[in-house]
>>> print(open('data27.cif').read())   # mmCIF, C-alpha atoms and all ligand atoms
data_input
#
loop_
_atom_site.label_atom_id
_atom_site.label_comp_id
_atom_site.auth_asym_id
_atom_site.auth_seq_id
_atom_site.Cartn_x
_atom_site.Cartn_y
_atom_site.Cartn_z
CA MET A 1203 -6.33 -42.75 -18.05
CA LYS A 1204 -8.87 -39.94 -18.00
CA ILE A 1205 -7.91 -36.52 -16.75
CA GLY A 1206 -10.08 -33.44 -16.32
CA ILE A 1207 -8.60 -29.93 -16.35
CA LEU A 1208 -10.23 -26.71 -15.24
CA THR A 1209 -9.21 -23.11 -14.68
CA SER A 1210 -11.06 -21.23 -11.96
CA GLY A 1211 -11.27 -17.71 -10.48
CA GLY A 1212 -9.93 -14.49 -11.95
CA ASP A 1213 -7.78 -15.22 -14.99
CA CYS A 1214 -4.15 -14.25 -15.43
CA ALA A 1215 -1.34 -14.71 -17.91
CA GLY A 1216 0.17 -18.20 -17.88
CA LEU A 1217 -2.91 -20.42 -17.47
CA ASN A 1218 -2.57 -21.74 -21.02
CA ALA A 1219 1.19 -22.14 -20.65
CA VAL A 1220 0.71 -24.37 -17.59
CA MET A 1221 -1.89 -26.53 -19.35
CA ARG A 1222 0.37 -26.88 -22.38
CA GLY A 1223 3.27 -27.97 -20.15
CA PHE A 1224 1.08 -30.45 -18.32
CA VAL A 1225 -0.49 -31.99 -21.43
CA ARG A 1226 2.81 -32.29 -23.29
CA ALA A 1227 4.49 -33.96 -20.33
CA ILE A 1228 1.62 -36.30 -19.44
CA THR A 1229 1.18 -37.49 -23.02
CA ALA A 1230 4.90 -38.22 -23.18
CA ILE A 1231 4.64 -40.29 -20.00
CA GLU A 1232 1.34 -42.05 -20.71
CA SER A 1233 0.36 -42.75 -24.32
CA LYS A 1234 -3.24 -43.83 -23.65
CA ILE A 1235 -4.68 -40.74 -22.16
CA GLU A 1236 -7.95 -38.88 -22.56
CA ILE A 1237 -8.04 -35.24 -21.59
CA TYR A 1238 -11.28 -33.45 -20.78
CA GLY A 1239 -11.38 -29.67 -20.78
CA ILE A 1240 -13.96 -28.56 -18.23
CA LYS A 1241 -15.68 -25.29 -19.16
CA ASP A 1242 -15.59 -22.16 -16.98
CA GLY A 1243 -14.00 -23.58 -13.86
CA TYR A 1244 -16.02 -25.36 -11.19
CA ALA A 1245 -19.25 -24.28 -12.96
CA GLY A 1246 -18.41 -26.72 -15.76
CA LEU A 1247 -17.89 -29.58 -13.32
CA ILE A 1248 -21.13 -28.77 -11.52
CA ASN A 1249 -23.09 -28.62 -14.79
CA ARG A 1250 -21.13 -31.32 -16.62
CA GLU A 1251 -19.97 -28.97 -19.35
CA TYR A 1252 -16.80 -30.44 -20.75
CA HIS A 1253 -15.36 -31.85 -23.92
CA ALA A 1254 -12.55 -34.15 -24.91
CA ILE A 1255 -9.54 -32.17 -26.03
CA GLN A 1256 -6.85 -33.57 -28.27
CA ALA A 1257 -3.32 -33.04 -26.97
CA GLU A 1258 -2.50 -31.05 -30.13
CA GLU A 1259 -5.08 -28.44 -29.14
CA PHE A 1260 -2.79 -27.46 -26.29
CA SER A 1261 -0.04 -26.56 -28.75
CA ASP A 1262 0.64 -22.97 -29.75
CA ILE A 1263 -0.84 -21.62 -26.52
CA LEU A 1264 2.38 -21.04 -24.56
CA LYS A 1265 2.20 -17.31 -25.18
CA LEU A 1266 -1.57 -16.94 -25.25
CA GLY A 1267 -3.14 -14.89 -22.43
CA GLY A 1268 -6.39 -15.83 -20.65
CA THR A 1269 -7.57 -19.44 -20.61
CA ILE A 1270 -8.78 -21.54 -23.52
CA LEU A 1271 -11.15 -23.32 -21.10
CA GLY A 1272 -12.87 -20.22 -19.76
CA THR A 1273 -13.20 -19.44 -16.07
CA SER A 1274 -15.67 -18.22 -13.46
CA ARG A 1275 -15.75 -17.33 -9.80
CA GLN A 1276 -17.67 -19.76 -7.56
CA SER A 1277 -17.92 -18.96 -3.89
CA TYR A 1278 -16.51 -21.61 -1.57
CA LYS A 1279 -19.43 -21.06 0.81
CA LYS A 1280 -22.01 -21.64 -1.91
CA ILE A 1281 -20.17 -24.69 -3.18
CA THR A 1282 -19.95 -26.36 0.19
CA GLN A 1283 -23.22 -25.36 1.91
CA ASN A 1284 -26.55 -27.28 1.85
CA GLY A 1285 -25.32 -30.57 3.32
CA ASP A 1286 -25.26 -33.54 0.99
CA ASN A 1287 -27.00 -31.71 -1.84
CA ASN A 1288 -24.34 -29.10 -2.23
CA LYS A 1289 -22.44 -28.26 -5.39
CA ALA A 1290 -19.38 -30.10 -4.12
CA ALA A 1291 -21.43 -33.29 -3.99
CA GLN A 1292 -22.56 -32.60 -7.56
CA MET A 1293 -18.94 -32.20 -8.59
CA LYS A 1294 -18.04 -35.47 -6.93
CA GLU A 1295 -20.87 -37.23 -8.74
CA ASN A 1296 -19.88 -35.76 -12.09
CA TYR A 1297 -16.24 -36.66 -11.51
CA ARG A 1298 -17.39 -40.27 -11.06
CA LYS A 1299 -19.73 -40.11 -14.08
CA MET A 1300 -16.90 -38.75 -16.21
CA ASP A 1301 -14.83 -41.65 -14.88
CA LEU A 1302 -11.86 -39.38 -14.18
CA ASN A 1303 -8.61 -40.65 -12.71
CA ALA A 1304 -7.44 -37.15 -11.82
CA LEU A 1305 -8.61 -33.56 -11.76
CA ILE A 1306 -6.12 -30.77 -12.50
CA ILE A 1307 -7.23 -27.45 -11.03
CA LEU A 1308 -5.57 -24.14 -11.86
CA GLY A 1309 -6.63 -21.36 -9.55
CA GLY A 1310 -6.02 -18.93 -6.71
CA GLN A 1311 -6.95 -18.65 -3.03
CA GLY A 1312 -10.65 -19.56 -3.16
CA THR A 1313 -10.09 -22.19 -5.82
CA HIS A 1314 -7.52 -23.89 -3.57
CA LYS A 1315 -9.99 -24.00 -0.68
CA THR A 1316 -12.51 -25.79 -2.87
CA ALA A 1317 -9.78 -28.04 -4.30
CA ALA A 1318 -8.86 -29.09 -0.75
CA PHE A 1319 -12.53 -29.77 -0.03
CA LEU A 1320 -12.91 -31.93 -3.16
CA SER A 1321 -9.74 -33.78 -2.26
CA GLY A 1322 -11.29 -34.46 1.15
CA LEU A 1323 -14.28 -35.99 -0.67
CA GLY A 1324 -11.94 -38.49 -2.29
CA LEU A 1325 -11.28 -36.89 -5.69
CA ASN A 1326 -7.74 -37.18 -7.06
CA VAL A 1327 -6.92 -33.50 -7.15
CA ILE A 1328 -3.74 -31.68 -8.16
CA ALA A 1329 -3.84 -27.88 -7.99
CA LEU A 1330 -1.58 -25.26 -9.53
CA PRO A 1331 -1.10 -21.80 -7.99
CA LYS A 1332 -2.43 -19.07 -10.25
CA THR A 1333 -2.92 -15.41 -9.35
CA ILE A 1334 -1.55 -11.95 -9.97
CA ASP A 1335 -1.93 -11.41 -6.20
CA ASN A 1336 0.88 -13.87 -5.29
CA ASP A 1337 -0.98 -14.65 -2.07
CA ILE A 1338 -1.05 -18.45 -2.07
CA TRP A 1339 0.57 -19.91 0.99
CA GLY A 1340 3.66 -22.10 0.60
CA THR A 1341 4.89 -20.92 -2.79
CA ASP A 1342 7.46 -18.16 -3.38
CA PHE A 1343 5.58 -17.08 -6.47
CA THR A 1344 2.33 -17.87 -8.19
CA PHE A 1345 2.27 -17.91 -11.96
CA GLY A 1346 0.79 -14.77 -13.52
CA PHE A 1347 2.28 -12.58 -10.81
CA HIS A 1348 5.44 -11.55 -12.67
CA SER A 1349 3.51 -10.84 -15.87
CA ALA A 1350 1.27 -8.50 -13.87
CA VAL A 1351 4.32 -6.88 -12.25
CA ASN A 1352 5.66 -6.14 -15.74
CA ILE A 1353 2.38 -4.53 -16.81
CA ALA A 1354 1.95 -2.48 -13.64
CA THR A 1355 5.59 -1.37 -13.81
CA GLU A 1356 5.23 -0.24 -17.41
CA CYS A 1357 2.09 1.64 -16.47
CA ILE A 1358 3.80 3.51 -13.60
CA ASP A 1359 6.86 4.18 -15.80
CA LYS A 1360 4.62 5.87 -18.35
CA ILE A 1361 2.73 7.83 -15.71
CA GLN A 1362 6.01 9.25 -14.41
CA THR A 1363 6.78 11.20 -17.58
CA THR A 1364 3.36 12.83 -17.79
CA ALA A 1365 3.31 13.55 -14.04
CA ALA A 1366 6.72 15.23 -14.37
CA SER A 1367 5.62 17.34 -17.34
CA HIS A 1368 2.56 18.66 -15.50
CA GLY A 1369 3.98 18.75 -11.99
CA ARG A 1370 1.17 16.52 -10.79
CA THR A 1371 0.73 13.91 -8.12
CA ILE A 1372 -0.59 10.74 -9.68
CA ILE A 1373 -1.95 7.76 -7.78
CA VAL A 1374 -1.72 4.49 -9.68
CA GLU A 1375 -4.18 2.02 -8.21
CA ILE A 1376 -2.77 -1.50 -8.48
CA MET A 1377 -4.85 -4.68 -8.13
CA GLY A 1378 -4.73 -6.43 -4.77
CA ASN A 1379 -7.57 -6.17 -2.30
CA LYS A 1380 -6.12 -8.10 0.60
CA VAL A 1381 -2.42 -8.28 -0.20
CA GLY A 1382 0.14 -5.85 -1.56
CA TRP A 1383 2.73 -8.00 -3.32
CA LEU A 1384 1.92 -6.66 -6.77
CA THR A 1385 1.96 -3.04 -5.61
CA LEU A 1386 5.20 -3.59 -3.70
CA TYR A 1387 7.04 -5.16 -6.64
CA ALA A 1388 5.68 -2.74 -9.23
CA GLY A 1389 6.27 0.24 -6.93
CA ILE A 1390 9.90 -0.70 -6.30
CA SER A 1391 10.65 -1.62 -9.90
CA SER A 1392 9.21 1.63 -11.24
CA GLY A 1393 10.75 3.85 -8.58
CA ALA A 1394 7.45 5.08 -7.13
CA ASP A 1395 7.81 7.68 -4.37
CA ILE A 1396 5.17 6.24 -2.10
CA ILE A 1397 3.83 2.68 -1.83
CA LEU A 1398 0.61 1.90 0.01
CA ILE A 1399 -0.37 -1.70 0.73
CA PRO A 1400 -3.12 -3.25 2.89
CA GLU A 1401 -0.58 -4.85 5.23
CA ILE A 1402 0.92 -1.48 6.23
CA PRO A 1403 -1.92 0.90 7.11
CA TYR A 1404 -0.99 4.53 6.39
CA ASP A 1405 -1.37 7.59 8.57
CA MET A 1406 -3.13 10.21 6.44
CA GLU A 1407 -1.19 13.12 8.00
CA LYS A 1408 2.16 11.45 7.47
CA LEU A 1409 1.16 10.48 3.94
CA ILE A 1410 0.25 14.09 3.12
CA LYS A 1411 3.60 15.23 4.57
CA ALA A 1412 5.42 12.68 2.40
CA VAL A 1413 3.57 13.90 -0.72
CA GLU A 1414 4.44 17.50 0.15
CA LEU A 1415 8.11 16.65 0.63
CA VAL A 1416 8.39 14.70 -2.62
CA ASN A 1417 6.71 17.53 -4.50
CA LYS A 1418 9.12 20.05 -2.98
CA GLN A 1419 12.10 17.89 -3.90
CA LYS A 1420 11.22 16.94 -7.46
CA GLY A 1421 8.07 18.76 -8.49
CA PHE A 1422 5.83 15.72 -8.94
CA CYS A 1423 4.93 12.58 -7.02
CA ILE A 1424 3.97 9.02 -7.88
CA ILE A 1425 1.95 6.92 -5.44
CA ALA A 1426 1.54 3.21 -6.09
CA ALA A 1427 -1.54 2.29 -4.04
CA ALA A 1428 -3.02 -1.17 -3.74
CA GLU A 1429 -6.79 -1.41 -4.23
CA GLY A 1430 -7.05 -2.55 -0.64
CA ALA A 1431 -4.79 0.11 0.90
CA MET A 1432 -6.27 1.49 4.10
CA ASN A 1433 -5.46 4.00 6.79
CA GLU A 1434 -4.78 3.21 10.44
CA GLU A 1435 -8.35 3.94 11.58
CA GLU A 1436 -9.84 1.76 8.86
CA ALA A 1437 -7.47 -1.05 9.78
CA MET A 1438 -9.11 -1.22 13.23
CA LEU A 1439 -12.54 -1.87 11.68
CA THR A 1440 -14.11 -5.06 10.39
CA LYS A 1441 -14.59 -5.35 6.63
CA LYS A 1442 -18.32 -4.57 6.99
CA GLU A 1443 -17.68 -1.51 9.15
CA ARG A 1444 -15.05 -0.29 6.68
CA ILE A 1445 -17.41 -0.55 3.72
CA LEU A 1446 -20.10 1.32 5.67
CA LYS A 1447 -17.72 4.08 6.75
CA ARG A 1448 -16.41 4.53 3.21
CA ALA A 1449 -19.94 4.73 1.83
CA GLU A 1450 -20.76 7.43 4.40
CA GLN A 1451 -17.67 9.38 3.37
CA GLY A 1452 -18.78 9.17 -0.25
CA GLU A 1453 -15.40 8.03 -1.59
CA THR A 1454 -15.37 4.27 -2.00
CA THR A 1455 -11.77 3.66 -3.08
CA ALA A 1456 -8.53 4.38 -1.24
CA SER A 1457 -7.18 6.29 -4.25
CA LYS A 1458 -10.18 8.64 -4.29
CA ARG A 1459 -9.93 9.33 -0.57
CA ILE A 1460 -6.21 10.02 -0.81
CA ALA A 1461 -6.57 12.22 -3.90
CA LYS A 1462 -9.28 14.23 -2.16
CA ALA A 1463 -7.10 14.74 0.92
CA ILE A 1464 -4.07 15.79 -1.14
CA THR A 1465 -6.12 18.34 -3.09
CA GLU A 1466 -7.73 19.72 0.07
CA GLU A 1467 -4.57 19.85 2.19
CA LEU A 1468 -1.91 20.75 -0.36
CA SER A 1469 -3.86 22.16 -3.33
CA ILE A 1470 -1.74 19.94 -5.58
CA GLU A 1471 -3.26 18.80 -8.84
CA THR A 1472 -3.86 15.08 -8.35
CA ARG A 1473 -4.95 12.37 -10.75
CA ILE A 1474 -5.87 8.71 -10.36
CA VAL A 1475 -4.95 6.03 -12.88
CA VAL A 1476 -6.49 2.56 -12.63
CA PRO A 1477 -4.87 -0.02 -14.94
CA GLY A 1478 -7.42 -2.56 -13.62
CA HIS A 1479 -7.88 -5.76 -15.56
CA ILE A 1480 -5.12 -4.82 -18.02
CA GLN A 1481 -2.88 -6.26 -15.29
CA ARG A 1482 -4.41 -9.68 -15.86
CA GLY A 1483 -4.36 -9.52 -19.65
CA GLY A 1484 -2.03 -10.38 -22.49
CA SER A 1485 0.86 -12.73 -22.94
CA PRO A 1486 2.79 -14.22 -20.00
CA SER A 1487 6.24 -12.78 -19.34
CA PRO A 1488 9.27 -14.96 -20.17
CA TYR A 1489 9.75 -15.64 -16.45
CA ASP A 1490 6.14 -16.82 -16.14
CA ARG A 1491 6.42 -18.94 -19.29
CA VAL A 1492 9.34 -20.73 -17.68
CA ILE A 1493 7.73 -21.38 -14.29
CA CYS A 1494 4.44 -22.31 -15.98
CA THR A 1495 6.30 -24.93 -18.02
CA GLN A 1496 8.08 -26.20 -14.90
CA MET A 1497 4.88 -26.31 -12.84
CA GLY A 1498 2.81 -27.94 -15.59
CA THR A 1499 5.36 -30.66 -16.26
CA TYR A 1500 5.79 -31.23 -12.52
CA ALA A 1501 2.04 -31.78 -12.19
CA ALA A 1502 2.32 -34.51 -14.85
CA LYS A 1503 4.94 -36.27 -12.71
CA LEU A 1504 2.63 -36.04 -9.71
CA VAL A 1505 -0.12 -37.76 -11.72
CA LYS A 1506 2.32 -40.44 -12.82
CA ASN A 1507 3.36 -41.05 -9.20
CA GLY A 1508 -0.23 -41.07 -7.98
CA CYS A 1509 0.49 -38.12 -5.71
CA PHE A 1510 -2.82 -36.32 -5.15
CA GLY A 1511 -4.29 -33.83 -2.69
CA VAL A 1512 -1.42 -31.44 -3.38
CA THR A 1513 -0.67 -28.12 -5.03
CA VAL A 1514 2.46 -27.33 -6.99
CA ALA A 1515 4.79 -24.75 -5.45
CA LEU A 1516 8.03 -22.88 -6.06
CA ASN A 1517 10.27 -23.18 -3.07
CA GLY A 1518 13.67 -21.46 -3.02
CA GLY A 1519 13.88 -21.75 -6.81
CA LYS A 1520 12.87 -25.43 -6.85
CA ILE A 1521 9.51 -26.81 -7.91
CA SER A 1522 7.87 -28.93 -5.25
CA SER A 1523 4.40 -29.52 -3.83
CA ASN A 1524 2.43 -28.82 -0.67
CA LYS A 1525 -0.50 -30.70 0.77
CA LEU A 1526 -3.73 -28.89 -0.04
CA SER A 1527 -4.89 -29.42 3.52
CA ASP A 1528 -1.80 -27.55 4.78
CA ILE A 1529 -2.22 -24.43 2.66
CA ALA A 1530 -5.96 -24.06 1.93
CA GLY A 1531 -7.54 -21.04 3.59
CA LYS A 1532 -4.20 -19.45 4.48
CA ILE A 1533 -3.23 -16.15 2.88
CA LYS A 1534 0.36 -15.17 2.18
CA TYR A 1535 0.43 -11.52 3.25
CA VAL A 1536 3.43 -9.24 2.84
CA PRO A 1537 5.20 -9.43 6.22
CA SER A 1538 5.70 -5.88 7.51
CA LYS A 1539 9.37 -6.70 8.16
CA HIS A 1540 9.92 -8.27 4.72
CA GLU A 1541 13.32 -7.51 3.22
CA LEU A 1542 11.71 -5.80 0.23
CA ILE A 1543 9.96 -3.32 2.53
CA GLN A 1544 13.32 -2.51 4.07
CA ALA A 1545 14.99 -2.18 0.65
CA ALA A 1546 12.20 0.18 -0.45
CA LYS A 1547 12.66 2.28 2.68
CA ASP A 1548 16.42 2.29 2.12
CA VAL A 1549 15.94 3.94 -1.27
CA GLY A 1550 13.64 6.54 0.26
CA ILE A 1551 10.22 5.14 -0.58
CA SER A 1552 7.56 6.12 1.95
CA PHE A 1553 4.80 3.77 3.12
CA GLY A 1554 2.85 6.63 4.66
CA GLU A 1555 3.61 5.49 8.21
O1 LIG A 1601 -7.59 -12.10 -7.47
C1 LIG A 1601 -7.15 -11.43 -8.58
C2 LIG A 1601 -7.79 -10.09 -8.73
O2 LIG A 1601 -7.31 -9.54 -9.92
C3 LIG A 1601 -7.60 -9.12 -7.56
O3 LIG A 1601 -6.33 -8.52 -7.52
C4 LIG A 1601 -8.72 -8.14 -7.81
O4 LIG A 1601 -9.03 -7.44 -6.64
C5 LIG A 1601 -9.82 -9.04 -8.28
O5 LIG A 1601 -9.20 -10.18 -8.85
C6 LIG A 1601 -10.76 -8.43 -9.31
O6 LIG A 1601 -11.78 -9.34 -9.55
P1 LIG A 1601 -12.79 -9.31 -10.77
O7 LIG A 1601 -12.09 -9.84 -11.97
O8 LIG A 1601 -13.89 -10.21 -10.35
O9 LIG A 1601 -13.19 -7.88 -10.98
#
>>> encode(input="data27.cif", output="structure tokens")
Amino acid sequence: MKIGILTSGGDCAGLNAVMRGFVRAITAIESKIEIYGIKDGYAGLINREYHAIQAEEFSDILKLGGTILGTSRQSYKKITQNGDNNKAAQMKENYRKMDLNALIILGGQGTHKTAAFLSGLGLNVIALPKTIDNDIWGTDFTFGFHSAVNIATECIDKIQTTAASHGRTIIVEIMGNKVGWLTLYAGISSGADIILIPEIPYDMEKLIKAVELVNKQKGFCIIAAAEGAMNEEEAMLTKKERILKRAEQGETTASKRIAKAITEELSIETRIVVPGHIQRGGSPSPYDRVICTQMGTYAAKLVKNGCFGVTVALNGGKISSNKLSDIAGKIKYVPSKHELIQAAKDVGISFGE
């Protein structure tokens, strides 16, 4: 049996842990197996850049951050356009040339769309849900998410002590352009005063009032703001219109616009902290190591059972799978009535509404 593995899209902690789990389990099930590590995600499959990897090479990587295979972002549009000569057709051809029996794909939103497309072309695909954004449909959690929550929480925890010492308002900009899961979890777990996520557009006046109140009560204020946080007016615009409007205003990020407004309206010293890609780096958390092991070993069982065209999921604490065609292209947003939003409000956290 010949199996190809690739990791695609933005990296996160846990990619190596999943591959280790998969390879250990599949080699225990099937003794005659050849594993091919495909370089840099779909790019490697398009360009036939791969090499045979011995099962032992997947040892000692449980705790290793990043991906030993490398990764890249490939746009779904570019992969699937140009009729029969598109990159997807190239991938199909290379899959056949490599004589693969299965293709294991670790990736996020966009990667899953392409995985579903390849599955539709007849490739034996099994996907695994990776992303710090936790936005893949049909799974309670994606791997990498909890590791990022730990990092973002630690970052906000540290910001709190310096903000308190200086009596400052500090905005911590958390990754997440479309969805706010990471900001919500990190904001709650660090006791942020205000949480801003794309799914709940803020009202600038109410937000300023909330900052003023928090400052009056405790002398400093911590705002956990998602990269993609937006105000109510911006929420009415299309993405293109939003980008244009922000460029006109001269402040391209939500954090900068909010900091500017706080300084102008309240004359409160305000700082912005952007942990950025640190949130994707380093070793997976113990929780992630466990679900990565569960998901990787589950994928091996799917191969054994010839169950393809699916992605592994965590459902109510149990590992299961969803059809790629059912989940591809859907985004798991934070529902505005989610119980965590209510819990946050119950402890006095403002969402700037
Ligand atoms: O999808 C994961 C993610 O980390 C997002 O939260 C973030 O907006 C984006 O990737 C950053 O992408 P890049 O690594 O290309 O800068």
>>> closest_residue(input="data27.cif", among="A:Arg1482, A:Lys1520, A:Lys1539, A:Arg1250", to="Gln1496 of chain A", atoms="all atoms listed in the file")
A:Lys1520
>>> closest_residue(input="data27.cif", among="A:Lys1441, A:Lys1241, A:Arg1275, A:Lys1462", to="ligand LIG 1601 (chain A)", atoms="all atoms listed in the file")
A:Arg1275
>>> residues_near_ligand(input="data27.cif", ligand="ligand LIG 1601 (chain A)", cutoff="7 Å", atoms="all atoms listed in the file", output="PyMOL selection string")
chain A and resi 1212+1333-1335+1377-1379+1429+1479+1482
>>> closest_residue(input="data27.cif", among="A:Gly1554, A:Gly1206, A:Pro1477, A:Gly1243", to="Lys1411 of chain A", atoms="all atoms listed in the file")
A:Gly1554
>>> closest_residue(input="data27.cif", among="A:Gln1276, A:Thr1229, A:Asn1218, A:Gln1311", to="Lys1506 of chain A", atoms="all atoms listed in the file")
A:Thr1229
>>> closest_residue(input="data27.cif", among="A:Leu1271, A:Ala1254, A:Ala1354, A:Ile1328", to="Leu1526 of chain A", atoms="only C-alpha atoms")
A:Ile1328
>>> atom_distance(input="data27.cif", atom1="atom CA of Leu1516 of chain A", atom2="atom CA of Ile1205 of chain A")
23.5 Å
>>> closest_residue(input="data27.cif", among="A:Ile1464, A:Leu1384, A:Leu1504, A:Cys1357", to="Lys1408 of chain A", atoms="all atoms listed in the file")
A:Ile1464
>>> residues_near_point(input="data27.cif", point="(4.0, 5.0, -7.0)", cutoff="9 Å", atoms="all atoms listed in the file", output="ChimeraX atom specification")
/A:1358,1362,1372-1375,1385,1388-1390,1392-1398,1423-1427,1551
>>> residues_around(input="data27.cif", residues="Ser1485 of chain A", least_positions_apart="5", cutoff="9 Å", atoms="only C-alpha atoms", output="list in words")
Ala1215, Gly1216, Leu1264, Lys1265, Leu1266, Gly1267, Gly1268 and Ser1349 of chain A
>>> atom_distance(input="data27.cif", atom1="atom CA of Gly1421 of chain A", atom2="atom CA of Gly1369 of chain A")
5.4 Å
>>> residues_near_point(input="data27.cif", point="(-19.9, -28.0, -0.4)", cutoff="10 Å", atoms="all atoms listed in the file", output="MDAnalysis selection string")
chainID A and resid 1277:1293 1316 1319:1320 1323
>>> write_last_selection(input="data27.cif", atoms="C-alpha atoms", output="PDB file, keeping the file's coordinate frame")
ATOM      1  CA  SER A1277     -17.920 -18.960  -3.890  1.00  0.00           C
ATOM      2  CA  TYR A1278     -16.510 -21.610  -1.570  1.00  0.00           C
ATOM      3  CA  LYS A1279     -19.430 -21.060   0.810  1.00  0.00           C
ATOM      4  CA  LYS A1280     -22.010 -21.640  -1.910  1.00  0.00           C
ATOM      5  CA  ILE A1281     -20.170 -24.690  -3.180  1.00  0.00           C
ATOM      6  CA  THR A1282     -19.950 -26.360   0.190  1.00  0.00           C
ATOM      7  CA  GLN A1283     -23.220 -25.360   1.910  1.00  0.00           C
ATOM      8  CA  ASN A1284     -26.550 -27.280   1.850  1.00  0.00           C
ATOM      9  CA  GLY A1285     -25.320 -30.570   3.320  1.00  0.00           C
ATOM     10  CA  ASP A1286     -25.260 -33.540   0.990  1.00  0.00           C
ATOM     11  CA  ASN A1287     -27.000 -31.710  -1.840  1.00  0.00           C
ATOM     12  CA  ASN A1288     -24.340 -29.100  -2.230  1.00  0.00           C
ATOM     13  CA  LYS A1289     -22.440 -28.260  -5.390  1.00  0.00           C
ATOM     14  CA  ALA A1290     -19.380 -30.100  -4.120  1.00  0.00           C
ATOM     15  CA  ALA A1291     -21.430 -33.290  -3.990  1.00  0.00           C
ATOM     16  CA  GLN A1292     -22.560 -32.600  -7.560  1.00  0.00           C
ATOM     17  CA  MET A1293     -18.940 -32.200  -8.590  1.00  0.00           C
ATOM     18  CA  THR A1316     -12.510 -25.790  -2.870  1.00  0.00           C
ATOM     19  CA  PHE A1319     -12.530 -29.770  -0.030  1.00  0.00           C
ATOM     20  CA  LEU A1320     -12.910 -31.930  -3.160  1.00  0.00           C
ATOM     21  CA  LEU A1323     -14.280 -35.990  -0.670  1.00  0.00           C
TER      22      LEU A1323
END
>>> build_atoms(input="data27.cif", residues="segment 1410-1426 of chain A", atoms="N, CA and C atoms", output="CSV table (one decimal), keeping the file's coordinate frame")
chain,number,residue,atom,x,y,z
A,1410,ILE,N,0.3,12.8,3.7
A,1410,ILE,CA,0.2,14.1,3.1
A,1410,ILE,C,1.6,14.8,3.2
A,1411,LYS,N,2.3,14.6,4.4
A,1411,LYS,CA,3.6,15.2,4.6
A,1411,LYS,C,4.6,14.7,3.6
A,1412,ALA,N,4.5,13.3,3.4
A,1412,ALA,CA,5.4,12.7,2.4
A,1412,ALA,C,5.2,13.2,1.0
A,1413,VAL,N,3.9,13.4,0.6
A,1413,VAL,CA,3.6,13.9,-0.7
A,1413,VAL,C,4.1,15.3,-0.9
A,1414,GLU,N,4.0,16.1,0.2
A,1414,GLU,CA,4.4,17.5,0.2
A,1414,GLU,C,6.0,17.5,0.0
A,1415,LEU,N,6.6,16.7,0.7
A,1415,LEU,CA,8.1,16.6,0.6
A,1415,LEU,C,8.6,16.2,-0.8
A,1416,VAL,N,8.0,15.2,-1.3
A,1416,VAL,CA,8.4,14.7,-2.6
A,1416,VAL,C,8.2,15.8,-3.7
A,1417,ASN,N,7.0,16.5,-3.6
A,1417,ASN,CA,6.7,17.5,-4.5
A,1417,ASN,C,7.7,18.7,-4.4
A,1418,LYS,N,8.1,19.0,-3.2
A,1418,LYS,CA,9.1,20.0,-3.0
A,1418,LYS,C,10.4,19.6,-3.6
A,1419,GLN,N,10.8,18.4,-3.4
A,1419,GLN,CA,12.1,17.9,-3.9
A,1419,GLN,C,12.2,17.7,-5.4
A,1420,LYS,N,11.1,17.2,-6.0
A,1420,LYS,CA,11.2,16.9,-7.5
A,1420,LYS,C,10.1,17.5,-8.3
A,1421,GLY,N,9.1,18.1,-7.7
A,1421,GLY,CA,8.1,18.8,-8.5
A,1421,GLY,C,6.9,17.9,-8.9
A,1422,PHE,N,7.0,16.6,-8.7
A,1422,PHE,CA,5.8,15.7,-8.9
A,1422,PHE,C,5.9,14.5,-8.0
A,1423,CYS,N,4.9,13.7,-8.0
A,1423,CYS,CA,4.9,12.6,-7.0
A,1423,CYS,C,4.1,11.4,-7.6
A,1424,ILE,N,4.7,10.2,-7.4
A,1424,ILE,CA,4.0,9.0,-7.9
A,1424,ILE,C,3.7,8.1,-6.7
A,1425,ILE,N,2.4,7.8,-6.5
A,1425,ILE,CA,2.0,6.9,-5.4
A,1425,ILE,C,1.5,5.6,-6.1
A,1426,ALA,N,2.1,4.5,-5.7
A,1426,ALA,CA,1.5,3.2,-6.1
A,1426,ALA,C,0.7,2.7,-4.9
